[in-house]
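File shown: query-v1.cif (mmCIF, C-alpha atoms).
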data_entry
#
loop_
_atom_site.group_PDB
_atom_site.id
_atom_site.type_symbol
_atom_site.label_atom_id
_atom_site.label_comp_id
_atom_site.auth_asym_id
_atom_site.auth_seq_id
_atom_site.Cartn_x
_atom_site.Cartn_y
_atom_site.Cartn_z
ATOM 1 C CA MET A 24 54.134 55.996 -1.441
ATOM 2 C CA THR A 25 53.350 56.833 -5.016
ATOM 3 C CA ALA A 26 52.631 54.303 -7.701
ATOM 4 C CA LYS A 27 55.527 53.608 -10.016
ATOM 5 C CA THR A 28 54.864 54.767 -13.533
ATOM 6 C CA ASP A 29 58.085 53.566 -15.049
ATOM 7 C CA ALA A 30 60.729 50.894 -14.515
ATOM 8 C CA THR A 31 64.430 50.857 -15.223
ATOM 9 C CA PRO A 32 65.695 48.837 -18.189
ATOM 10 C CA ALA A 33 68.164 46.068 -17.239
ATOM 11 C CA ASN A 34 70.601 47.195 -19.932
ATOM 12 C CA ASP A 35 70.887 49.247 -23.130
ATOM 13 C CA ARG A 36 69.146 46.537 -25.170
ATOM 14 C CA GLU A 37 65.909 46.617 -23.182
ATOM 15 C CA LEU A 38 62.754 48.749 -23.352
ATOM 16 C CA VAL A 39 60.294 48.779 -20.472
ATOM 17 C CA LEU A 40 56.727 49.910 -19.954
ATOM 18 C CA THR A 41 54.914 49.626 -16.650
ATOM 19 C CA ARG A 42 51.356 50.483 -15.589
ATOM 20 C CA LEU A 43 49.196 50.137 -12.532
ATOM 21 C CA ILE A 44 45.956 48.644 -13.836
ATOM 22 C CA ASP A 45 42.774 48.792 -11.776
ATOM 23 C CA ALA A 46 41.816 45.133 -12.158
ATOM 24 C CA PRO A 47 42.933 41.823 -10.658
ATOM 25 C CA ARG A 48 46.000 40.271 -12.277
ATOM 26 C CA GLU A 49 44.019 37.152 -13.250
ATOM 27 C CA LYS A 50 42.034 39.327 -15.655
ATOM 28 C CA VAL A 51 45.055 41.139 -17.060
ATOM 29 C CA PHE A 52 46.773 37.790 -17.627
ATOM 30 C CA LYS A 53 43.619 36.449 -19.304
ATOM 31 C CA ALA A 54 43.533 39.409 -21.676
ATOM 32 C CA TRP A 55 47.077 38.417 -22.720
ATOM 33 C CA THR A 56 46.331 34.698 -23.187
ATOM 34 C CA ASP A 57 42.772 34.394 -24.565
ATOM 35 C CA ALA A 58 42.640 34.701 -28.359
ATOM 36 C CA GLU A 59 39.195 36.341 -28.434
ATOM 37 C CA LEU A 60 40.246 38.950 -25.878
ATOM 38 C CA LEU A 61 43.596 39.573 -27.607
ATOM 39 C CA LYS A 62 41.764 40.477 -30.827
ATOM 40 C CA GLN A 63 40.034 43.294 -28.940
ATOM 41 C CA TRP A 64 43.077 45.207 -27.698
ATOM 42 C CA PHE A 65 46.364 43.894 -29.138
ATOM 43 C CA ALA A 66 46.976 46.439 -31.936
ATOM 44 C CA PRO A 67 46.973 50.203 -31.355
ATOM 45 C CA LEU A 68 43.815 51.620 -33.031
ATOM 46 C CA PRO A 69 43.196 52.377 -35.892
ATOM 47 C CA TRP A 70 45.221 49.193 -36.464
ATOM 48 C CA THR A 71 43.281 46.007 -35.670
ATOM 49 C CA THR A 72 44.031 42.354 -34.916
ATOM 50 C CA PRO A 73 41.688 40.256 -37.071
ATOM 51 C CA ALA A 74 43.297 36.883 -36.333
ATOM 52 C CA VAL A 75 44.996 35.418 -33.264
ATOM 53 C CA GLU A 76 46.073 31.832 -32.571
ATOM 54 C CA VAL A 77 47.808 31.132 -29.273
ATOM 55 C CA ASP A 78 48.976 27.911 -27.649
ATOM 56 C CA VAL A 79 49.971 29.315 -24.271
ATOM 57 C CA ARG A 80 52.529 26.867 -22.841
ATOM 58 C CA PRO A 81 56.327 26.686 -22.992
ATOM 59 C CA GLY A 82 57.126 25.743 -26.594
ATOM 60 C CA GLY A 83 53.635 26.654 -27.791
ATOM 61 C CA SER A 84 53.230 28.859 -30.862
ATOM 62 C CA SER A 85 51.550 32.200 -31.335
ATOM 63 C CA MET A 86 50.341 33.870 -34.501
ATOM 64 C CA PHE A 87 48.974 37.414 -34.595
ATOM 65 C CA VAL A 88 47.711 39.111 -37.736
ATOM 66 C CA MET A 89 47.772 42.902 -37.432
ATOM 67 C CA ARG A 90 45.875 44.994 -40.005
ATOM 68 C CA ASP A 91 46.723 48.590 -40.885
ATOM 69 C CA PRO A 92 44.040 51.207 -41.694
ATOM 70 C CA ASP A 93 44.456 50.477 -45.446
ATOM 71 C CA GLY A 94 43.603 46.822 -44.926
ATOM 72 C CA ASN A 95 47.118 45.415 -45.276
ATOM 73 C CA ASP A 96 47.779 42.396 -43.058
ATOM 74 C CA TYR A 97 51.003 41.746 -41.149
ATOM 75 C CA PRO A 98 51.314 38.271 -39.658
ATOM 76 C CA ASN A 99 53.696 37.745 -36.724
ATOM 77 C CA LYS A 100 54.771 34.377 -35.397
ATOM 78 C CA GLY A 101 56.396 33.528 -32.105
ATOM 79 C CA VAL A 102 56.856 30.939 -29.384
ATOM 80 C CA TYR A 103 56.122 31.033 -25.653
ATOM 81 C CA LEU A 104 59.161 30.362 -23.464
ATOM 82 C CA GLU A 105 57.704 30.554 -19.962
ATOM 83 C CA VAL A 106 54.174 30.663 -18.613
ATOM 84 C CA VAL A 107 53.337 31.189 -14.919
ATOM 85 C CA GLU A 108 49.563 31.491 -14.534
ATOM 86 C CA SER A 109 48.525 35.087 -13.701
ATOM 87 C CA GLU A 110 52.161 36.004 -12.868
ATOM 88 C CA LYS A 111 54.485 35.865 -15.840
ATOM 89 C CA LEU A 112 54.477 35.376 -19.595
ATOM 90 C CA VAL A 113 57.595 35.164 -21.769
ATOM 91 C CA PHE A 114 57.596 34.892 -25.556
ATOM 92 C CA THR A 115 59.985 35.474 -28.425
ATOM 93 C CA ASP A 116 60.036 36.013 -32.176
ATOM 94 C CA ALA A 117 63.378 34.161 -32.383
ATOM 95 C CA PHE A 118 61.416 30.987 -33.236
ATOM 96 C CA THR A 119 58.388 30.573 -35.499
ATOM 97 C CA GLU A 120 57.510 27.285 -33.795
ATOM 98 C CA ALA A 121 59.292 24.916 -31.385
ATOM 99 C CA TRP A 122 62.144 24.963 -32.290
ATOM 100 C CA LEU A 123 62.620 26.528 -35.695
ATOM 101 C CA PRO A 124 64.760 29.683 -35.789
ATOM 102 C CA SER A 125 62.956 32.630 -37.387
ATOM 103 C CA GLU A 126 64.375 34.764 -40.171
ATOM 104 C CA LYS A 127 65.328 37.468 -37.689
ATOM 105 C CA PRO A 128 65.391 37.286 -33.888
ATOM 106 C CA PHE A 129 64.229 40.777 -32.916
ATOM 107 C CA PHE A 130 63.065 40.659 -29.310
ATOM 108 C CA THR A 131 61.881 38.608 -26.348
ATOM 109 C CA GLY A 132 58.935 39.902 -24.329
ATOM 110 C CA VAL A 133 58.899 39.383 -20.555
ATOM 111 C CA LEU A 134 55.578 40.329 -18.949
ATOM 112 C CA THR A 135 54.979 40.335 -15.206
ATOM 113 C CA PHE A 136 51.691 40.745 -13.350
ATOM 114 C CA GLU A 137 51.980 41.654 -9.642
ATOM 115 C CA ASP A 138 49.532 42.582 -6.907
ATOM 116 C CA GLU A 139 49.932 46.183 -5.792
ATOM 117 C CA GLY A 140 47.442 47.791 -3.459
ATOM 118 C CA GLY A 141 44.491 45.820 -4.825
ATOM 119 C CA LYS A 142 45.457 46.609 -8.411
ATOM 120 C CA THR A 143 47.843 45.006 -10.899
ATOM 121 C CA ARG A 144 51.364 46.184 -11.536
ATOM 122 C CA TYR A 145 51.751 45.297 -15.210
ATOM 123 C CA THR A 146 55.309 45.489 -16.556
ATOM 124 C CA ALA A 147 56.295 44.689 -20.131
ATOM 125 C CA ARG A 148 59.976 44.320 -20.976
ATOM 126 C CA ALA A 149 61.182 44.040 -24.576
ATOM 127 C CA ARG A 150 64.695 42.541 -24.639
ATOM 128 C CA HIS A 151 66.599 42.802 -27.893
ATOM 129 C CA TRP A 152 69.668 41.019 -29.207
ATOM 130 C CA THR A 153 71.289 44.274 -30.319
ATOM 131 C CA LYS A 154 71.244 47.890 -29.226
ATOM 132 C CA GLU A 155 70.435 48.796 -32.851
ATOM 133 C CA ASP A 156 67.229 46.755 -32.684
ATOM 134 C CA ARG A 157 66.344 48.266 -29.319
ATOM 135 C CA ASP A 158 66.807 51.770 -30.745
ATOM 136 C CA ALA A 159 64.825 50.895 -33.881
ATOM 137 C CA HIS A 160 62.000 49.509 -31.730
ATOM 138 C CA GLU A 161 61.926 52.726 -29.720
ATOM 139 C CA LYS A 162 61.796 54.803 -32.933
ATOM 140 C CA MET A 163 58.993 52.601 -34.290
ATOM 141 C CA GLY A 164 57.020 53.993 -31.368
ATOM 142 C CA PHE A 165 57.449 51.381 -28.630
ATOM 143 C CA HIS A 166 56.410 53.671 -25.774
ATOM 144 C CA GLU A 167 53.487 55.271 -27.600
ATOM 145 C CA GLY A 168 52.316 52.000 -29.165
ATOM 146 C CA TRP A 169 52.646 49.743 -26.132
ATOM 147 C CA GLY A 170 51.272 52.581 -24.002
ATOM 148 C CA GLN A 171 48.195 52.901 -26.179
ATOM 149 C CA CYS A 172 47.751 49.129 -26.154
ATOM 150 C CA ALA A 173 48.008 49.174 -22.351
ATOM 151 C CA ASP A 174 45.175 51.748 -22.330
ATOM 152 C CA GLN A 175 43.098 49.470 -24.574
ATOM 153 C CA LEU A 176 43.977 46.468 -22.395
ATOM 154 C CA GLU A 177 42.937 48.320 -19.239
ATOM 155 C CA ALA A 178 39.636 49.448 -20.759
ATOM 156 C CA LEU A 179 38.896 45.852 -21.736
ATOM 157 C CA VAL A 180 39.760 44.180 -18.426
ATOM 158 C CA LYS A 181 37.445 46.561 -16.587
ATOM 159 C CA LYS A 182 34.591 45.139 -18.682
ATOM 160 C CA ILE A 183 35.302 41.427 -18.282
ATOM 161 C CA MET B 14 66.884 -2.875 -43.387
ATOM 162 C CA THR B 15 70.152 -1.062 -42.868
ATOM 163 C CA ALA B 16 70.884 1.369 -40.093
ATOM 164 C CA LYS B 17 70.690 5.003 -41.098
ATOM 165 C CA THR B 18 74.025 6.764 -40.895
ATOM 166 C CA ASP B 19 72.834 10.184 -41.859
ATOM 167 C CA ALA B 20 69.700 12.305 -41.703
ATOM 168 C CA THR B 21 68.397 15.011 -43.990
ATOM 169 C CA PRO B 22 68.554 18.621 -42.825
ATOM 170 C CA ALA B 23 65.143 20.318 -42.584
ATOM 171 C CA ASN B 24 66.410 23.325 -44.539
ATOM 172 C CA ASP B 25 69.568 25.122 -45.678
ATOM 173 C CA ARG B 26 70.154 26.553 -42.188
ATOM 174 C CA GLU B 27 70.446 23.168 -40.468
ATOM 175 C CA LEU B 28 73.319 20.720 -39.938
ATOM 176 C CA VAL B 29 72.621 17.144 -38.849
ATOM 177 C CA LEU B 30 74.650 14.297 -37.428
ATOM 178 C CA THR B 31 73.168 10.905 -36.622
ATOM 179 C CA ARG B 32 74.660 7.770 -35.088
ATOM 180 C CA LEU B 33 73.496 4.367 -33.967
ATOM 181 C CA ILE B 34 75.027 3.959 -30.512
ATOM 182 C CA ASP B 35 75.256 0.522 -28.895
ATOM 183 C CA ALA B 36 73.829 1.515 -25.525
ATOM 184 C CA PRO B 37 70.369 2.217 -24.090
ATOM 185 C CA ARG B 38 69.062 5.738 -24.679
ATOM 186 C CA GLU B 39 68.838 6.387 -20.918
ATOM 187 C CA LYS B 40 72.639 6.222 -20.777
ATOM 188 C CA VAL B 41 73.179 8.397 -23.837
ATOM 189 C CA PHE B 42 70.774 10.976 -22.406
ATOM 190 C CA LYS B 43 72.578 10.810 -19.053
ATOM 191 C CA ALA B 44 75.921 11.482 -20.756
ATOM 192 C CA TRP B 45 74.338 14.665 -22.159
ATOM 193 C CA THR B 46 72.799 15.855 -18.874
ATOM 194 C CA ASP B 47 75.220 14.874 -16.058
ATOM 195 C CA ALA B 48 77.957 17.476 -15.521
ATOM 196 C CA GLU B 49 80.615 14.954 -14.448
ATOM 197 C CA LEU B 50 79.957 12.801 -17.512
ATOM 198 C CA LEU B 51 79.869 15.804 -19.863
ATOM 199 C CA LYS B 52 83.377 16.786 -18.755
ATOM 200 C CA GLN B 53 84.613 13.409 -20.003
ATOM 201 C CA TRP B 54 83.477 13.619 -23.625
ATOM 202 C CA PHE B 55 82.094 17.047 -24.573
ATOM 203 C CA ALA B 56 85.105 18.595 -26.341
ATOM 204 C CA PRO B 57 86.932 16.870 -29.205
ATOM 205 C CA LEU B 58 90.347 15.770 -27.884
ATOM 206 C CA PRO B 59 92.965 17.238 -27.514
ATOM 207 C CA TRP B 60 90.509 19.943 -26.393
ATOM 208 C CA THR B 61 89.060 19.305 -22.941
ATOM 209 C CA THR B 62 86.060 20.464 -20.868
ATOM 210 C CA PRO B 63 87.372 21.413 -17.410
ATOM 211 C CA ALA B 64 84.139 22.970 -16.138
ATOM 212 C CA VAL B 65 80.455 22.212 -16.711
ATOM 213 C CA GLU B 66 77.395 23.568 -14.919
ATOM 214 C CA VAL B 67 73.998 22.424 -16.129
ATOM 215 C CA ASP B 68 70.495 23.032 -14.837
ATOM 216 C CA VAL B 69 68.626 20.656 -17.113
ATOM 217 C CA ARG B 70 65.035 21.944 -17.250
ATOM 218 C CA PRO B 71 63.220 24.347 -19.578
ATOM 219 C CA GLY B 72 64.657 27.767 -18.781
ATOM 220 C CA GLY B 73 67.649 26.278 -16.942
ATOM 221 C CA SER B 74 71.132 27.539 -17.747
ATOM 222 C CA SER B 75 74.207 25.741 -19.018
ATOM 223 C CA MET B 76 77.847 26.792 -18.884
ATOM 224 C CA PHE B 77 80.613 24.828 -20.565
ATOM 225 C CA VAL B 78 84.274 25.819 -20.431
ATOM 226 C CA MET B 79 86.263 24.313 -23.298
ATOM 227 C CA ARG B 80 90.071 24.371 -23.123
ATOM 228 C CA ASP B 81 92.344 24.281 -26.163
ATOM 229 C CA PRO B 82 95.681 22.390 -26.193
ATOM 230 C CA ASP B 83 97.528 25.633 -25.282
ATOM 231 C CA GLY B 84 95.439 26.016 -22.111
ATOM 232 C CA ASN B 85 93.178 28.835 -23.317
ATOM 233 C CA ASP B 86 89.653 28.617 -21.917
ATOM 234 C CA TYR B 87 86.487 29.325 -23.906
ATOM 235 C CA PRO B 88 83.314 29.629 -21.826
ATOM 236 C CA ASN B 89 79.953 29.042 -23.514
ATOM 237 C CA LYS B 90 76.598 29.852 -21.994
ATOM 238 C CA GLY B 91 73.168 28.692 -23.032
ATOM 239 C CA VAL B 92 69.647 27.855 -21.918
ATOM 240 C CA TYR B 93 67.611 24.654 -22.169
ATOM 241 C CA LEU B 94 64.345 25.064 -24.053
ATOM 242 C CA GLU B 95 62.856 21.569 -23.869
ATOM 243 C CA VAL B 96 63.713 18.475 -21.858
ATOM 244 C CA VAL B 97 61.998 15.117 -22.363
ATOM 245 C CA GLU B 98 63.718 12.514 -20.181
ATOM 246 C CA SER B 99 65.776 10.061 -22.274
ATOM 247 C CA GLU B 100 64.036 11.241 -25.474
ATOM 248 C CA LYS B 101 64.789 14.837 -26.381
ATOM 249 C CA LEU B 102 66.985 17.737 -25.342
ATOM 250 C CA VAL B 103 66.788 21.230 -26.863
ATOM 251 C CA PHE B 104 69.109 24.100 -25.995
ATOM 252 C CA THR B 105 70.194 27.412 -27.471
ATOM 253 C CA ASP B 106 72.953 30.004 -27.230
ATOM 254 C CA ALA B 107 70.410 32.755 -28.045
ATOM 255 C CA PHE B 108 70.043 33.325 -24.280
ATOM 256 C CA THR B 109 72.726 33.353 -21.576
ATOM 257 C CA GLU B 110 70.117 32.731 -18.904
ATOM 258 C CA ALA B 111 66.297 32.811 -18.749
ATOM 259 C CA TRP B 112 65.568 35.143 -20.489
ATOM 260 C CA LEU B 113 68.473 37.383 -21.356
ATOM 261 C CA PRO B 114 69.371 37.604 -25.062
ATOM 262 C CA SER B 115 72.995 36.702 -25.758
ATOM 263 C CA GLU B 116 75.393 38.850 -27.749
ATOM 264 C CA LYS B 117 74.870 36.631 -30.799
ATOM 265 C CA PRO B 118 72.238 33.949 -31.368
ATOM 266 C CA PHE B 119 74.204 31.356 -33.341
ATOM 267 C CA PHE B 120 72.340 28.067 -33.151
ATOM 268 C CA THR B 121 69.754 25.904 -31.385
ATOM 269 C CA GLY B 122 70.589 22.259 -30.774
ATOM 270 C CA VAL B 123 67.839 19.652 -31.027
ATOM 271 C CA LEU B 124 68.924 16.200 -29.834
ATOM 272 C CA THR B 125 66.765 13.106 -30.095
ATOM 273 C CA PHE B 126 67.359 9.684 -28.570
ATOM 274 C CA GLU B 127 65.317 6.830 -30.085
ATOM 275 C CA ASP B 128 65.225 3.071 -29.638
ATOM 276 C CA GLU B 129 66.427 1.242 -32.738
ATOM 277 C CA GLY B 130 66.997 -2.496 -32.691
ATOM 278 C CA GLY B 131 68.129 -2.540 -29.093
ATOM 279 C CA LYS B 132 70.490 0.381 -29.656
ATOM 280 C CA THR B 133 70.074 4.165 -29.598
ATOM 281 C CA ARG B 134 69.493 6.283 -32.661
ATOM 282 C CA TYR B 135 71.199 9.508 -31.616
ATOM 283 C CA THR B 136 70.491 12.515 -33.847
ATOM 284 C CA ALA B 137 71.908 15.985 -33.281
ATOM 285 C CA ARG B 138 70.478 18.888 -35.279
ATOM 286 C CA ALA B 139 72.100 22.316 -35.219
ATOM 287 C CA ARG B 140 69.600 24.932 -36.413
ATOM 288 C CA HIS B 141 70.985 28.352 -37.285
ATOM 289 C CA TRP B 142 69.324 31.738 -37.744
ATOM 290 C CA THR B 143 71.177 32.358 -40.995
ATOM 291 C CA LYS B 144 72.603 30.276 -43.832
ATOM 292 C CA GLU B 145 75.909 32.140 -43.326
ATOM 293 C CA ASP B 146 76.128 30.872 -39.753
ATOM 294 C CA ARG B 147 75.227 27.355 -40.874
ATOM 295 C CA ASP B 148 77.991 27.459 -43.486
ATOM 296 C CA ALA B 149 80.480 28.909 -40.992
ATOM 297 C CA HIS B 150 79.611 26.162 -38.502
ATOM 298 C CA GLU B 151 80.208 23.531 -41.173
ATOM 299 C CA LYS B 152 83.580 25.069 -42.049
ATOM 300 C CA MET B 153 84.537 25.206 -38.349
ATOM 301 C CA GLY B 154 84.353 21.430 -38.580
ATOM 302 C CA PHE B 155 80.840 20.581 -37.428
ATOM 303 C CA HIS B 156 80.800 17.095 -38.939
ATOM 304 C CA GLU B 157 84.323 16.161 -37.857
ATOM 305 C CA GLY B 158 83.987 17.753 -34.402
ATOM 306 C CA TRP B 159 80.528 16.513 -33.504
ATOM 307 C CA GLY B 160 81.450 13.161 -35.083
ATOM 308 C CA GLN B 161 84.543 12.842 -32.896
ATOM 309 C CA CYS B 162 82.510 13.878 -29.854
ATOM 310 C CA ALA B 163 79.928 11.227 -30.729
ATOM 311 C CA ASP B 164 82.777 8.667 -30.763
ATOM 312 C CA GLN B 165 83.900 9.885 -27.333
ATOM 313 C CA LEU B 166 80.299 9.830 -26.097
ATOM 314 C CA GLU B 167 79.808 6.263 -27.339
ATOM 315 C CA ALA B 168 83.048 5.054 -25.721
ATOM 316 C CA LEU B 169 81.930 6.588 -22.423
ATOM 317 C CA VAL B 170 78.364 5.239 -22.365
ATOM 318 C CA LYS B 171 79.672 1.705 -22.920
ATOM 319 C CA LYS B 172 81.556 2.033 -19.629
ATOM 320 C CA ILE B 173 78.772 3.466 -17.446
#

Show how you would write the structure in this file as structure tokens.
Amino acid sequence: MTAKTDATPANDRELVLTRLIDAPREKVFKAWTDAELLKQWFAPLPWTTPAVEVDVRPGGSSMFVMRDPDGNDYPNKGVYLEVVESEKLVFTDAFTEAWLPSEKPFFTGVLTFEDEGGKTRYTARARHWTKEDRDAHEKMGFHEGWGQCADQLEALVKKI
Amino acid sequence: MTAKTDATPANDRELVLTRLIDAPREKVFKAWTDAELLKQWFAPLPWTTPAVEVDVRPGGSSMFVMRDPDGNDYPNKGVYLEVVESEKLVFTDAFTEAWLPSEKPFFTGVLTFEDEGGKTRYTARARHWTKEDRDAHEKMGFHEGWGQCADQLEALVKKI
């Protein structure tokens, strides 16, 4: 049996990335839910994440500030929809806080963390409201960007 | 002190209806969360609601079939986002089930049920992603339709 390195999208509005990470899923989940850890891996270098505020519970808000190499800041707000400790995390940019619709619902992220041979099967699904947004997200570099972030995430969880 | 008969929208993407209903809020909440009761008041007559399936919990699905006077059926799917027993109910059509984006996120409904002088202050807020959708919803007859439904709801809760 070989480790899966990809997963099949549920439909033509979804993008998926999956990785087998050599760390327990409790640590991978923590890296996704602890603000100080998120700052260390969330943006693909040379971008950085200088500010993170997360209230990890259904209806709780998130705010990530991503900084480009020129020092420009890009704040992103969202809301958590479902939280299952060390198993699942669902969030969306369709709301800026519970329950205020955002300017533009772009995607909902569904993350799962599963045991697999002593490691963690980490799967990130980005579900969009339109195929156009899914295609735009892919062109923005979804696979490269989320892939690089998964590398950064893995490097971090091996240290904590 | 006079009873409020309207409420102020939070912004130009929101529509609001409020009523003082002469029944305890537990009954008004029940009329909104019990499938058999929903069938009796949910659509403005002569429209009817022949089928209702509700799983009233955060992440639970709802499905309402509304029937026009010619017998045409219009199914509507949604997901509950927040449920506070006899106090608050939040749902959206942005997902058809947890957590699959719908074809078109149109609005999120935020219902509150408050004690007021022995009666129930019932407030229904419809929050849209765009001002265009808010305006379209108003032109579709939001105030008349939700107002008539509130009349039907009030008549029902006085009997249960």

Margin query: Here's the selection I'm unsure about, the PyMOL selection byres ((chain A and resi 157) around 12); applied to the file above, which residues does it give, as a ChimeraX atom specification?
Written below: /A:32,34-39,128-131,148-156,158-166 /B:114

Please produce a file of the residues just selected, as an mmCIF file, in the frame of the given file, where the atoms kept are C-alpha atoms.
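Result went into out-v4.cif, see below:
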data_model
loop_
_atom_site.group_PDB
_atom_site.id
_atom_site.type_symbol
_atom_site.label_atom_id
_atom_site.label_comp_id
_atom_site.auth_asym_id
_atom_site.auth_seq_id
_atom_site.Cartn_x
_atom_site.Cartn_y
_atom_site.Cartn_z
ATOM 1 C CA PRO A 32 65.695 48.837 -18.189
ATOM 2 C CA ASN A 34 70.601 47.195 -19.932
ATOM 3 C CA ASP A 35 70.887 49.247 -23.130
ATOM 4 C CA ARG A 36 69.146 46.537 -25.170
ATOM 5 C CA GLU A 37 65.909 46.617 -23.182
ATOM 6 C CA LEU A 38 62.754 48.749 -23.352
ATOM 7 C CA VAL A 39 60.294 48.779 -20.472
ATOM 8 C CA PRO A 128 65.391 37.286 -33.888
ATOM 9 C CA PHE A 129 64.229 40.777 -32.916
ATOM 10 C CA PHE A 130 63.065 40.659 -29.310
ATOM 11 C CA THR A 131 61.881 38.608 -26.348
ATOM 12 C CA ARG A 148 59.976 44.320 -20.976
ATOM 13 C CA ALA A 149 61.182 44.040 -24.576
ATOM 14 C CA ARG A 150 64.695 42.541 -24.639
ATOM 15 C CA HIS A 151 66.599 42.802 -27.893
ATOM 16 C CA TRP A 152 69.668 41.019 -29.207
ATOM 17 C CA THR A 153 71.289 44.274 -30.319
ATOM 18 C CA LYS A 154 71.244 47.890 -29.226
ATOM 19 C CA GLU A 155 70.435 48.796 -32.851
ATOM 20 C CA ASP A 156 67.229 46.755 -32.684
ATOM 21 C CA ASP A 158 66.807 51.770 -30.745
ATOM 22 C CA ALA A 159 64.825 50.895 -33.881
ATOM 23 C CA HIS A 160 62.000 49.509 -31.730
ATOM 24 C CA GLU A 161 61.926 52.726 -29.720
ATOM 25 C CA LYS A 162 61.796 54.803 -32.933
ATOM 26 C CA MET A 163 58.993 52.601 -34.290
ATOM 27 C CA GLY A 164 57.020 53.993 -31.368
ATOM 28 C CA PHE A 165 57.449 51.381 -28.630
ATOM 29 C CA HIS A 166 56.410 53.671 -25.774
ATOM 30 C CA PRO B 114 69.371 37.604 -25.062
#

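When you apply the PyMOL selection byres ((chain A and resi 183) around 10) to this structure, what comes back is Ala46, Lys50, Val51, Lys53, Ala54, Leu60, Ala178, Leu179, Val180, Lys181 and Lys182 of chain A.
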
Next item on the list: Given the file shown, determine the residues that the PyMOL selection byres ((chain B and resi 100) around 12) selects; report them as number ranges by chain.
Entry: B: 37-43, 45-46, 95-99, 101-103, 123-128, 133-136

Produce a file of the selected residues containing C-alpha atoms, as a PDB file, in the frame of the given file.
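This went into result-v1.pdb:
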ATOM      1  CA  PRO B  37      70.369   2.217 -24.090  1.00  0.00           C
ATOM      2  CA  ARG B  38      69.062   5.738 -24.679  1.00  0.00           C
ATOM      3  CA  GLU B  39      68.838   6.387 -20.918  1.00  0.00           C
ATOM      4  CA  LYS B  40      72.639   6.222 -20.777  1.00  0.00           C
ATOM      5  CA  VAL B  41      73.179   8.397 -23.837  1.00  0.00           C
ATOM      6  CA  PHE B  42      70.774  10.976 -22.406  1.00  0.00           C
ATOM      7  CA  LYS B  43      72.578  10.810 -19.053  1.00  0.00           C
ATOM      8  CA  TRP B  45      74.338  14.665 -22.159  1.00  0.00           C
ATOM      9  CA  THR B  46      72.799  15.855 -18.874  1.00  0.00           C
ATOM     10  CA  GLU B  95      62.856  21.569 -23.869  1.00  0.00           C
ATOM     11  CA  VAL B  96      63.713  18.475 -21.858  1.00  0.00           C
ATOM     12  CA  VAL B  97      61.998  15.117 -22.363  1.00  0.00           C
ATOM     13  CA  GLU B  98      63.718  12.514 -20.181  1.00  0.00           C
ATOM     14  CA  SER B  99      65.776  10.061 -22.274  1.00  0.00           C
ATOM     15  CA  LYS B 101      64.789  14.837 -26.381  1.00  0.00           C
ATOM     16  CA  LEU B 102      66.985  17.737 -25.342  1.00  0.00           C
ATOM     17  CA  VAL B 103      66.788  21.230 -26.863  1.00  0.00           C
ATOM     18  CA  VAL B 123      67.839  19.652 -31.027  1.00  0.00           C
ATOM     19  CA  LEU B 124      68.924  16.200 -29.834  1.00  0.00           C
ATOM     20  CA  THR B 125      66.765  13.106 -30.095  1.00  0.00           C
ATOM     21  CA  PHE B 126      67.359   9.684 -28.570  1.00  0.00           C
ATOM     22  CA  GLU B 127      65.317   6.830 -30.085  1.00  0.00           C
ATOM     23  CA  ASP B 128      65.225   3.071 -29.638  1.00  0.00           C
ATOM     24  CA  THR B 133      70.074   4.165 -29.598  1.00  0.00           C
ATOM     25  CA  ARG B 134      69.493   6.283 -32.661  1.00  0.00           C
ATOM     26  CA  TYR B 135      71.199   9.508 -31.616  1.00  0.00           C
ATOM     27  CA  THR B 136      70.491  12.515 -33.847  1.00  0.00           C
TER      28      THR B 136
END

Notebook entry, point to check: Which residue gives the smallest distance to Trp112 (chain B) among B:Gly91, B:Pro57, B:Gly84, B:Gly158, with only C-alpha atoms counted?
Noted result: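 Checking each of B:Gly91, B:Pro57, B:Gly84, B:Gly158 against Trp112 (chain B), counting only C-alpha atoms, the winner is B:Gly91.
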
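In this structure, CA of Asp81 (chain B) sits 9.1 Å away from CA of Thr62 (chain B).
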
Notebook entry, point to check: For the atom pair CA of Thr119 (chain A) and CA of Glu76 (chain A), what is the interatomic distance in Å to one decimal place?
Noted result: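 Distance between the two atoms: 12.7 Å.
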
Next item on the list: Using all atoms listed in the file, find all polymer residues with an atom at most 7 Å away from the point (47.2, 44.1, -26.5); report them as a list in words.
Entry: Trp55, Leu61, Trp64, Phe65, Ala66, Cys172, Ala173 and Leu176 of chain A

Item checked: Top pick for closest residue to Pro81 (chain A), considering A:Thr115, A:Gln175, A:Thr31, A:Gln63 and counting only C-alpha atoms ->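 Residue with the minimum atom-to-atom distance to Pro81 (chain A): A:Thr115.
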